[in-house]
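Here is the structure we will look at.
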Amino acid sequence: MGIVQKPSLHSYWEKDQVTVTPSFGNIMSHNRFMNILHFIHFADNESEVPHHSAQQDHLFKIRSVLDELRRQFRQN
């Protein structure tokens, strides 16, 4: 998750004095983060090109967001 690298998602919210990173827990609870991670979707998984296809898009799940950002950056 950015600058701080931990071995698992759960470890970002650990309270162990040696490995604690308090900013994660202060910003958002673990449960809230996991709910967002579980429910946020930008694309329909049914329209994804098969993984072994030459037309496979590795950014398929966020392509619509990237395209919109690119369009807005060009416009502004």
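Each chain in the structure tokens gets a letter, A, B, ..., in the order shown, and its residues are numbered from 1; ligands are numbered from 1 in order too.
Residues with any atom within 10 Å of stretch 18-29 of chain A, counting only C-alpha atoms and excluding same-chain neighbours fewer than 6 positions away, are Val4, Lys6, Ser11 and Tyr12 of chain A.
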Quote the spacing between atom CA of A:Ser64 and atom CA of A:His10 in Å to one decimal place.
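Calculated distance between atom CA of A:Ser64 and atom CA of A:His10 is 28.9 Å.
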When distances are computed from only C-alpha atoms, which of A:Ser8, A:Phe42, A:His52, A:Ser47 shows the smallest separation from A:Leu66?
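Among A:Ser8, A:Phe42, A:His52, A:Ser47, it is A:Phe42 that comes nearest to A:Leu66.
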Could you check how far atom CA of A:Glu48 sits from atom CA of A:Met34, in Å to one decimal?
23.8 Å
Could you give me the residues within chain A that DSSP places in helix (DSSP H, G or I), as an NGL selection string?
:A and (10-13 or 22-27 or 30-39 or 45-47 or 60-75)
If we count only C-alpha atoms, what is near A:Ala43 at a cut-off of 10 Å, once residues fewer than 3 positions away on the same chain are taken out, given as a count of residues only?
10
